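Data block below; observations after.
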Amino acid sequence: MNAPHPDPTGPSEQTNPKDRPARLTVGVVGAGRVGPALAAALSLAGHRPVAVSGVSDASVRRAAALLPDVPLVPPGEVLARADLVLLTVPDDALPGLVAGIVETGAVRPGQLLVHTSG
């Protein structure tokens, strides 16, 4: 039987997630139920929400509640500010959103775009 392999980084200690390397700036396009919640969870893991886009009054309120210090901006501005962009719009709105993003050339090399599906 093999003995447990020691952790090469030293003793197991809780570190602040914000001190970990490779943290991403996060943007949300579509401030429904999922997007702001995911961005808030990613914030707890040390990533930094930087922009959110929402249209309806409910979306704006939800974004303000879950991401209080994150500015509400148009989708193109979300893409300009974020390394990781959460496209959390309804499935039927995705083709139009993606077409608009492609048309504007807003996506940067190395940028991550993620769509959540209901």
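Residues are referred to by chain and number: the chain letter is A, B, ... according to the order shown in the structure tokens, the number counts from 1 in that chain, and ligands are numbered separately from 1 in the order shown.
DSSP secondary structure from the backbone places Thr25, Val26, Gly27, Val28, Val29, Arg48, Pro49, Val50, Ala51, Val52, Ser53, Leu72, Leu84, Val85, Leu86, Leu87, Leu112, Leu113, Val114 and His115 of chain A of chain A in strand (DSSP E or B).
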Atoms kept (N, CA, C and O atoms) for selection, written as a JSON list (two decimals), in the first residue's frame:
```json
[["chain", "number", "residue", "atom", "x", "y", "z"],
["A", 25, "THR", "N", -11.18, 38.40, -15.23],
["A", 25, "THR", "CA", -12.24, 39.39, -15.16],
["A", 25, "THR", "C", -13.46, 38.75, -15.82],
["A", 25, "THR", "O", -13.34, 38.04, -16.82],
["A", 26, "VAL", "N", -14.63, 38.95, -15.22],
["A", 26, "VAL", "CA", -15.84, 38.26, -15.65],
["A", 26, "VAL", "C", -16.90, 39.28, -16.05],
["A", 26, "VAL", "O", -17.13, 40.25, -15.34],
["A", 27, "GLY", "N", -17.54, 39.03, -17.18],
["A", 27, "GLY", "CA", -18.66, 39.84, -17.63],
["A", 27, "GLY", "C", -19.88, 38.98, -17.85],
["A", 27, "GLY", "O", -19.76, 37.78, -18.13],
["A", 28, "VAL", "N", -21.04, 39.58, -17.72],
["A", 28, "VAL", "CA", -22.30, 38.86, -17.89],
["A", 28, "VAL", "C", -23.15, 39.59, -18.91],
["A", 28, "VAL", "O", -23.42, 40.78, -18.76],
["A", 29, "VAL", "N", -23.56, 38.88, -19.95],
["A", 29, "VAL", "CA", -24.53, 39.41, -20.91],
["A", 29, "VAL", "C", -25.81, 38.62, -20.69],
["A", 29, "VAL", "O", -25.88, 37.44, -20.99],
["A", 48, "ARG", "N", -12.99, 38.33, -10.82],
["A", 48, "ARG", "CA", -13.47, 39.70, -10.59],
["A", 48, "ARG", "C", -14.53, 40.09, -11.61],
["A", 48, "ARG", "O", -14.21, 40.39, -12.75],
["A", 49, "PRO", "N", -15.80, 40.11, -11.21],
["A", 49, "PRO", "CA", -16.84, 40.61, -12.10],
["A", 49, "PRO", "C", -16.59, 42.09, -12.40],
["A", 49, "PRO", "O", -16.34, 42.88, -11.49],
["A", 50, "VAL", "N", -16.64, 42.45, -13.70],
["A", 50, "VAL", "CA", -16.32, 43.81, -14.09],
["A", 50, "VAL", "C", -17.43, 44.51, -14.86],
["A", 50, "VAL", "O", -17.41, 45.73, -14.98],
["A", 51, "ALA", "N", -18.40, 43.76, -15.38],
["A", 51, "ALA", "CA", -19.47, 44.38, -16.16],
["A", 51, "ALA", "C", -20.63, 43.41, -16.31],
["A", 51, "ALA", "O", -20.44, 42.20, -16.38],
["A", 52, "VAL", "N", -21.83, 43.97, -16.36],
["A", 52, "VAL", "CA", -23.03, 43.16, -16.55],
["A", 52, "VAL", "C", -23.98, 43.93, -17.45],
["A", 52, "VAL", "O", -24.02, 45.17, -17.43],
["A", 53, "SER", "N", -24.71, 43.18, -18.28],
["A", 53, "SER", "CA", -25.68, 43.78, -19.17],
["A", 53, "SER", "C", -27.03, 43.13, -18.93],
["A", 53, "SER", "O", -27.14, 41.92, -18.88],
["A", 72, "LEU", "N", -23.50, 48.38, -14.88],
["A", 72, "LEU", "CA", -24.44, 47.90, -15.88],
["A", 72, "LEU", "C", -24.13, 48.64, -17.18],
["A", 72, "LEU", "O", -24.21, 49.87, -17.22],
["A", 84, "LEU", "N", -13.56, 36.55, -19.37],
["A", 84, "LEU", "CA", -14.56, 35.49, -19.42],
["A", 84, "LEU", "C", -15.92, 36.16, -19.50],
["A", 84, "LEU", "O", -16.29, 36.94, -18.62],
["A", 85, "VAL", "N", -16.66, 35.86, -20.57],
["A", 85, "VAL", "CA", -17.98, 36.45, -20.76],
["A", 85, "VAL", "C", -19.03, 35.35, -20.68],
["A", 85, "VAL", "O", -18.99, 34.38, -21.43],
["A", 86, "LEU", "N", -19.95, 35.51, -19.74],
["A", 86, "LEU", "CA", -21.05, 34.57, -19.57],
["A", 86, "LEU", "C", -22.23, 35.07, -20.40],
["A", 86, "LEU", "O", -22.76, 36.15, -20.15],
["A", 87, "LEU", "N", -22.61, 34.32, -21.42],
["A", 87, "LEU", "CA", -23.75, 34.65, -22.26],
["A", 87, "LEU", "C", -24.94, 33.90, -21.68],
["A", 87, "LEU", "O", -25.18, 32.74, -22.00],
["A", 112, "LEU", "N", -12.71, 34.15, -23.39],
["A", 112, "LEU", "CA", -13.58, 32.99, -23.20],
["A", 112, "LEU", "C", -15.04, 33.43, -23.20],
["A", 112, "LEU", "O", -15.39, 34.34, -22.46],
["A", 113, "LEU", "N", -15.86, 32.78, -24.02],
["A", 113, "LEU", "CA", -17.29, 33.02, -24.01],
["A", 113, "LEU", "C", -17.98, 31.72, -23.66],
["A", 113, "LEU", "O", -17.67, 30.67, -24.22],
["A", 114, "VAL", "N", -18.91, 31.80, -22.71],
["A", 114, "VAL", "CA", -19.61, 30.61, -22.23],
["A", 114, "VAL", "C", -21.10, 30.88, -22.27],
["A", 114, "VAL", "O", -21.56, 31.92, -21.80],
["A", 115, "HIS", "N", -21.85, 29.94, -22.85],
["A", 115, "HIS", "CA", -23.30, 30.07, -22.83],
["A", 115, "HIS", "C", -23.88, 29.02, -21.90],
["A", 115, "HIS", "O", -23.45, 27.87, -21.91]]
```
**Item:** Residue neighbourhood A:Ser117, 8 Å, only C-alpha atoms, exclusion window fewer than 3 positions, as a list of chain:residue names
**Value:**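 Answer for this query is A:Thr88, A:Pro90, A:Asp91.
Proximity of A:Val89, A:Ala99, A:Gly110, A:Val70 to A:Ala39, computed with only C-alpha atoms, is greatest for A:Val70.
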Considering only C-alpha atoms, return as a PDB file with all heavy atoms, in the first residue's frame whatever protein or nucleic-acid residues lie within 12 Å of A:Ile101, sequence-local ones (same chain, fewer than 4 positions apart) excluded.
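What follows is the written file around-v4.pdb:
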```pdb
ATOM      1  N   VAL A  29     -23.562  38.882 -19.951  1.00  0.00           N
ATOM      2  CA  VAL A  29     -24.532  39.411 -20.907  1.00  0.00           C
ATOM      3  C   VAL A  29     -25.812  38.623 -20.690  1.00  0.00           C
ATOM      4  O   VAL A  29     -25.883  37.436 -20.986  1.00  0.00           O
ATOM      5  CB  VAL A  29     -24.050  39.280 -22.367  1.00  0.00           C
ATOM      6  CG1 VAL A  29     -25.127  39.757 -23.329  1.00  0.00           C
ATOM      7  CG2 VAL A  29     -22.754  40.045 -22.574  1.00  0.00           C
ATOM      8  N   PRO A  74     -23.786  48.243 -21.865  1.00  0.00           N
ATOM      9  CA  PRO A  74     -24.248  47.500 -23.044  1.00  0.00           C
ATOM     10  C   PRO A  74     -23.382  46.250 -23.280  1.00  0.00           C
ATOM     11  O   PRO A  74     -22.225  46.193 -22.844  1.00  0.00           O
ATOM     12  CB  PRO A  74     -24.079  48.499 -24.193  1.00  0.00           C
ATOM     13  CG  PRO A  74     -23.972  49.837 -23.554  1.00  0.00           C
ATOM     14  CD  PRO A  74     -23.371  49.605 -22.192  1.00  0.00           C
ATOM     15  N   PRO A  75     -23.920  45.259 -23.997  1.00  0.00           N
ATOM     16  CA  PRO A  75     -23.180  44.011 -24.228  1.00  0.00           C
ATOM     17  C   PRO A  75     -21.781  44.207 -24.819  1.00  0.00           C
ATOM     18  O   PRO A  75     -20.837  43.526 -24.413  1.00  0.00           O
ATOM     19  CB  PRO A  75     -24.086  43.232 -25.188  1.00  0.00           C
ATOM     20  CG  PRO A  75     -25.459  43.716 -24.867  1.00  0.00           C
ATOM     21  CD  PRO A  75     -25.295  45.169 -24.528  1.00  0.00           C
ATOM     22  N   GLY A  76     -21.621  45.112 -25.761  1.00  0.00           N
ATOM     23  CA  GLY A  76     -20.302  45.337 -26.348  1.00  0.00           C
ATOM     24  C   GLY A  76     -19.282  45.783 -25.321  1.00  0.00           C
ATOM     25  O   GLY A  76     -18.106  45.396 -25.383  1.00  0.00           O
ATOM     26  N   GLU A  77     -19.723  46.567 -24.354  1.00  0.00           N
ATOM     27  CA  GLU A  77     -18.830  47.032 -23.294  1.00  0.00           C
ATOM     28  C   GLU A  77     -18.469  45.881 -22.352  1.00  0.00           C
ATOM     29  O   GLU A  77     -17.355  45.819 -21.838  1.00  0.00           O
ATOM     30  CB  GLU A  77     -19.473  48.184 -22.528  1.00  0.00           C
ATOM     31  CG  GLU A  77     -18.585  48.829 -21.505  1.00  0.00           C
ATOM     32  CD  GLU A  77     -17.369  49.539 -22.090  1.00  0.00           C
ATOM     33  OE1 GLU A  77     -17.393  49.923 -23.272  1.00  0.00           O
ATOM     34  OE2 GLU A  77     -16.386  49.699 -21.351  1.00  0.00           O
ATOM     35  N   VAL A  78     -19.412  44.967 -22.129  1.00  0.00           N
ATOM     36  CA  VAL A  78     -19.107  43.781 -21.321  1.00  0.00           C
ATOM     37  C   VAL A  78     -17.955  43.018 -21.963  1.00  0.00           C
ATOM     38  O   VAL A  78     -16.985  42.647 -21.296  1.00  0.00           O
ATOM     39  CB  VAL A  78     -20.344  42.864 -21.158  1.00  0.00           C
ATOM     40  CG1 VAL A  78     -19.966  41.563 -20.471  1.00  0.00           C
ATOM     41  CG2 VAL A  78     -21.450  43.573 -20.396  1.00  0.00           C
ATOM     42  N   LEU A  79     -18.045  42.805 -23.275  1.00  0.00           N
ATOM     43  CA  LEU A  79     -16.992  42.074 -23.975  1.00  0.00           C
ATOM     44  C   LEU A  79     -15.667  42.825 -23.943  1.00  0.00           C
ATOM     45  O   LEU A  79     -14.604  42.214 -23.846  1.00  0.00           O
ATOM     46  CB  LEU A  79     -17.402  41.771 -25.415  1.00  0.00           C
ATOM     47  CG  LEU A  79     -18.192  40.470 -25.537  1.00  0.00           C
ATOM     48  CD1 LEU A  79     -19.652  40.675 -25.313  1.00  0.00           C
ATOM     49  CD2 LEU A  79     -17.899  39.775 -26.818  1.00  0.00           C
ATOM     50  N   ALA A  80     -15.704  44.132 -23.998  1.00  0.00           N
ATOM     51  CA  ALA A  80     -14.472  44.919 -23.969  1.00  0.00           C
ATOM     52  C   ALA A  80     -13.768  44.831 -22.620  1.00  0.00           C
ATOM     53  O   ALA A  80     -12.544  44.927 -22.550  1.00  0.00           O
ATOM     54  CB  ALA A  80     -14.786  46.379 -24.302  1.00  0.00           C
ATOM     55  N   VAL A  85     -16.661  35.861 -20.569  1.00  0.00           N
ATOM     56  CA  VAL A  85     -17.980  36.453 -20.757  1.00  0.00           C
ATOM     57  C   VAL A  85     -19.028  35.354 -20.675  1.00  0.00           C
ATOM     58  O   VAL A  85     -18.988  34.380 -21.427  1.00  0.00           O
ATOM     59  CB  VAL A  85     -18.087  37.188 -22.118  1.00  0.00           C
ATOM     60  CG1 VAL A  85     -19.474  37.790 -22.294  1.00  0.00           C
ATOM     61  CG2 VAL A  85     -17.018  38.260 -22.234  1.00  0.00           C
ATOM     62  N   LEU A  87     -22.606  34.316 -21.420  1.00  0.00           N
ATOM     63  CA  LEU A  87     -23.753  34.650 -22.256  1.00  0.00           C
ATOM     64  C   LEU A  87     -24.945  33.903 -21.679  1.00  0.00           C
ATOM     65  O   LEU A  87     -25.185  32.739 -21.996  1.00  0.00           O
ATOM     66  CB  LEU A  87     -23.497  34.247 -23.713  1.00  0.00           C
ATOM     67  CG  LEU A  87     -22.255  34.838 -24.366  1.00  0.00           C
ATOM     68  CD1 LEU A  87     -22.056  34.261 -25.762  1.00  0.00           C
ATOM     69  CD2 LEU A  87     -22.328  36.357 -24.401  1.00  0.00           C
ATOM     70  N   LEU A  94     -29.872  33.532 -28.325  1.00  0.00           N
ATOM     71  CA  LEU A  94     -28.434  33.339 -28.541  1.00  0.00           C
ATOM     72  C   LEU A  94     -27.992  33.596 -29.985  1.00  0.00           C
ATOM     73  O   LEU A  94     -26.998  34.297 -30.183  1.00  0.00           O
ATOM     74  CB  LEU A  94     -28.008  31.946 -28.072  1.00  0.00           C
ATOM     75  CG  LEU A  94     -26.503  31.691 -28.119  1.00  0.00           C
ATOM     76  CD1 LEU A  94     -25.757  32.624 -27.174  1.00  0.00           C
ATOM     77  CD2 LEU A  94     -26.223  30.238 -27.767  1.00  0.00           C
ATOM     78  N   PRO A  95     -28.669  33.056 -31.001  1.00  0.00           N
ATOM     79  CA  PRO A  95     -28.182  33.299 -32.372  1.00  0.00           C
ATOM     80  C   PRO A  95     -28.069  34.784 -32.720  1.00  0.00           C
ATOM     81  O   PRO A  95     -27.070  35.215 -33.300  1.00  0.00           O
ATOM     82  CB  PRO A  95     -29.223  32.596 -33.255  1.00  0.00           C
ATOM     83  CG  PRO A  95     -29.795  31.535 -32.378  1.00  0.00           C
ATOM     84  CD  PRO A  95     -29.814  32.137 -30.999  1.00  0.00           C
ATOM     85  N   GLY A  96     -29.065  35.582 -32.348  1.00  0.00           N
ATOM     86  CA  GLY A  96     -29.013  37.015 -32.621  1.00  0.00           C
ATOM     87  C   GLY A  96     -27.898  37.703 -31.852  1.00  0.00           C
ATOM     88  O   GLY A  96     -27.208  38.576 -32.386  1.00  0.00           O
ATOM     89  N   LEU A  97     -27.706  37.311 -30.598  1.00  0.00           N
ATOM     90  CA  LEU A  97     -26.642  37.888 -29.787  1.00  0.00           C
ATOM     91  C   LEU A  97     -25.280  37.570 -30.388  1.00  0.00           C
ATOM     92  O   LEU A  97     -24.437  38.456 -30.562  1.00  0.00           O
ATOM     93  CB  LEU A  97     -26.713  37.372 -28.347  1.00  0.00           C
ATOM     94  CG  LEU A  97     -25.567  37.789 -27.425  1.00  0.00           C
ATOM     95  CD1 LEU A  97     -25.512  39.304 -27.255  1.00  0.00           C
ATOM     96  CD2 LEU A  97     -25.706  37.088 -26.077  1.00  0.00           C
ATOM     97  N   GLY A 105     -17.196  42.596 -34.127  1.00  0.00           N
ATOM     98  CA  GLY A 105     -15.791  42.236 -33.917  1.00  0.00           C
ATOM     99  C   GLY A 105     -15.348  42.416 -32.480  1.00  0.00           C
ATOM    100  O   GLY A 105     -14.184  42.664 -32.207  1.00  0.00           O
ATOM    101  N   ALA A 106     -16.285  42.270 -31.541  1.00  0.00           N
ATOM    102  CA  ALA A 106     -16.001  42.542 -30.133  1.00  0.00           C
ATOM    103  C   ALA A 106     -15.191  41.451 -29.436  1.00  0.00           C
ATOM    104  O   ALA A 106     -14.600  41.707 -28.395  1.00  0.00           O
ATOM    105  CB  ALA A 106     -17.311  42.763 -29.377  1.00  0.00           C
ATOM    106  N   VAL A 107     -15.137  40.255 -29.998  1.00  0.00           N
ATOM    107  CA  VAL A 107     -14.419  39.160 -29.342  1.00  0.00           C
ATOM    108  C   VAL A 107     -12.923  39.305 -29.605  1.00  0.00           C
ATOM    109  O   VAL A 107     -12.497  39.536 -30.733  1.00  0.00           O
ATOM    110  CB  VAL A 107     -14.912  37.786 -29.843  1.00  0.00           C
ATOM    111  CG1 VAL A 107     -14.138  36.648 -29.192  1.00  0.00           C
ATOM    112  CG2 VAL A 107     -16.392  37.629 -29.581  1.00  0.00           C
ATOM    113  N   ARG A 108     -12.142  39.159 -28.537  1.00  0.00           N
ATOM    114  CA  ARG A 108     -10.687  39.261 -28.624  1.00  0.00           C
ATOM    115  C   ARG A 108     -10.059  37.864 -28.625  1.00  0.00           C
ATOM    116  O   ARG A 108     -10.606  36.944 -28.011  1.00  0.00           O
ATOM    117  CB  ARG A 108     -10.131  40.025 -27.421  1.00  0.00           C
ATOM    118  CG  ARG A 108     -10.639  41.432 -27.273  1.00  0.00           C
ATOM    119  CD  ARG A 108      -9.970  42.153 -26.099  1.00  0.00           C
ATOM    120  NE  ARG A 108      -9.858  41.381 -24.872  1.00  0.00           N
ATOM    121  CZ  ARG A 108     -10.780  41.372 -23.897  1.00  0.00           C
ATOM    122  NH1 ARG A 108     -11.886  42.050 -24.017  1.00  0.00           N
ATOM    123  NH2 ARG A 108     -10.582  40.660 -22.801  1.00  0.00           N
ATOM    124  N   LEU A 113     -15.856  32.779 -24.016  1.00  0.00           N
ATOM    125  CA  LEU A 113     -17.291  33.024 -24.014  1.00  0.00           C
ATOM    126  C   LEU A 113     -17.983  31.720 -23.656  1.00  0.00           C
ATOM    127  O   LEU A 113     -17.668  30.672 -24.218  1.00  0.00           O
ATOM    128  CB  LEU A 113     -17.782  33.496 -25.387  1.00  0.00           C
ATOM    129  CG  LEU A 113     -17.614  34.987 -25.679  1.00  0.00           C
ATOM    130  CD1 LEU A 113     -16.173  35.357 -25.833  1.00  0.00           C
ATOM    131  CD2 LEU A 113     -18.410  35.386 -26.880  1.00  0.00           C
TER     132      LEU A 113
END
```
If you run DSSP on the backbone, which residues of chain A are helix (DSSP H, G or I), as an mmCIF file with C-alpha atoms, in the first residue's frame?
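Final output, out_2.cif:
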```
data_model
loop_
_atom_site.group_PDB
_atom_site.id
_atom_site.type_symbol
_atom_site.label_atom_id
_atom_site.label_comp_id
_atom_site.auth_asym_id
_atom_site.auth_seq_id
_atom_site.Cartn_x
_atom_site.Cartn_y
_atom_site.Cartn_z
ATOM 1 C CA PRO A 17 -8.967 33.068 -3.387
ATOM 2 C CA LYS A 18 -7.924 36.549 -4.508
ATOM 3 C CA ASP A 19 -4.285 35.613 -3.803
ATOM 4 C CA VAL A 34 -28.252 32.429 -13.874
ATOM 5 C CA GLY A 35 -25.711 35.056 -14.989
ATOM 6 C CA PRO A 36 -25.468 37.233 -11.893
ATOM 7 C CA ALA A 37 -25.498 34.143 -9.639
ATOM 8 C CA LEU A 38 -22.623 32.558 -11.594
ATOM 9 C CA ALA A 39 -20.637 35.799 -11.547
ATOM 10 C CA ALA A 40 -21.188 36.139 -7.790
ATOM 11 C CA ALA A 41 -19.998 32.541 -7.283
ATOM 12 C CA LEU A 42 -16.943 33.166 -9.469
ATOM 13 C CA SER A 43 -16.232 36.237 -7.347
ATOM 14 C CA LEU A 44 -16.141 34.031 -4.248
ATOM 15 C CA ASP A 57 -36.280 45.980 -14.752
ATOM 16 C CA ALA A 58 -36.048 42.584 -13.016
ATOM 17 C CA SER A 59 -32.623 41.929 -14.583
ATOM 18 C CA VAL A 60 -31.315 45.332 -13.547
ATOM 19 C CA ARG A 61 -32.542 44.794 -9.968
ATOM 20 C CA ARG A 62 -31.072 41.291 -9.847
ATOM 21 C CA ALA A 63 -27.692 42.500 -11.116
ATOM 22 C CA ALA A 64 -27.674 45.311 -8.554
ATOM 23 C CA ALA A 65 -28.514 42.889 -5.743
ATOM 24 C CA LEU A 66 -26.002 40.151 -6.601
ATOM 25 C CA PRO A 75 -23.180 44.011 -24.228
ATOM 26 C CA GLY A 76 -20.302 45.337 -26.348
ATOM 27 C CA GLU A 77 -18.830 47.032 -23.294
ATOM 28 C CA VAL A 78 -19.107 43.781 -21.321
ATOM 29 C CA LEU A 79 -16.992 42.074 -23.975
ATOM 30 C CA ALA A 80 -14.472 44.919 -23.969
ATOM 31 C CA ARG A 81 -13.939 44.637 -20.199
ATOM 32 C CA ASP A 91 -31.530 29.867 -25.946
ATOM 33 C CA ASP A 92 -33.714 31.484 -28.609
ATOM 34 C CA ALA A 93 -31.913 34.839 -28.153
ATOM 35 C CA LEU A 94 -28.434 33.339 -28.541
ATOM 36 C CA PRO A 95 -28.182 33.299 -32.372
ATOM 37 C CA GLY A 96 -29.013 37.015 -32.621
ATOM 38 C CA LEU A 97 -26.642 37.888 -29.787
ATOM 39 C CA VAL A 98 -23.777 35.905 -31.308
ATOM 40 C CA ALA A 99 -24.433 37.400 -34.756
ATOM 41 C CA GLY A 100 -24.267 40.885 -33.264
ATOM 42 C CA ILE A 101 -21.074 40.091 -31.374
ATOM 43 C CA VAL A 102 -19.454 38.703 -34.531
ATOM 44 C CA GLU A 103 -20.628 41.666 -36.605
ATOM 45 C CA THR A 104 -19.064 44.173 -34.214
#
```
**Complete:** Here atom CA of A:Leu24 and atom CA of A:Asp83 stand apart by 5.9 Å
**Complete:** Separating atom CA of A:Gly46 from atom CA of A:Arg23, to the nearest tenth of an Å, is a gap of 6.3 Å
**Message:** Under the rule that only C-alpha atoms are counted, which of A:Ala82, A:Arg33, A:Pro109, A:Pro71 is the nearest residue to A:His47?
**Reply:** A:Ala82
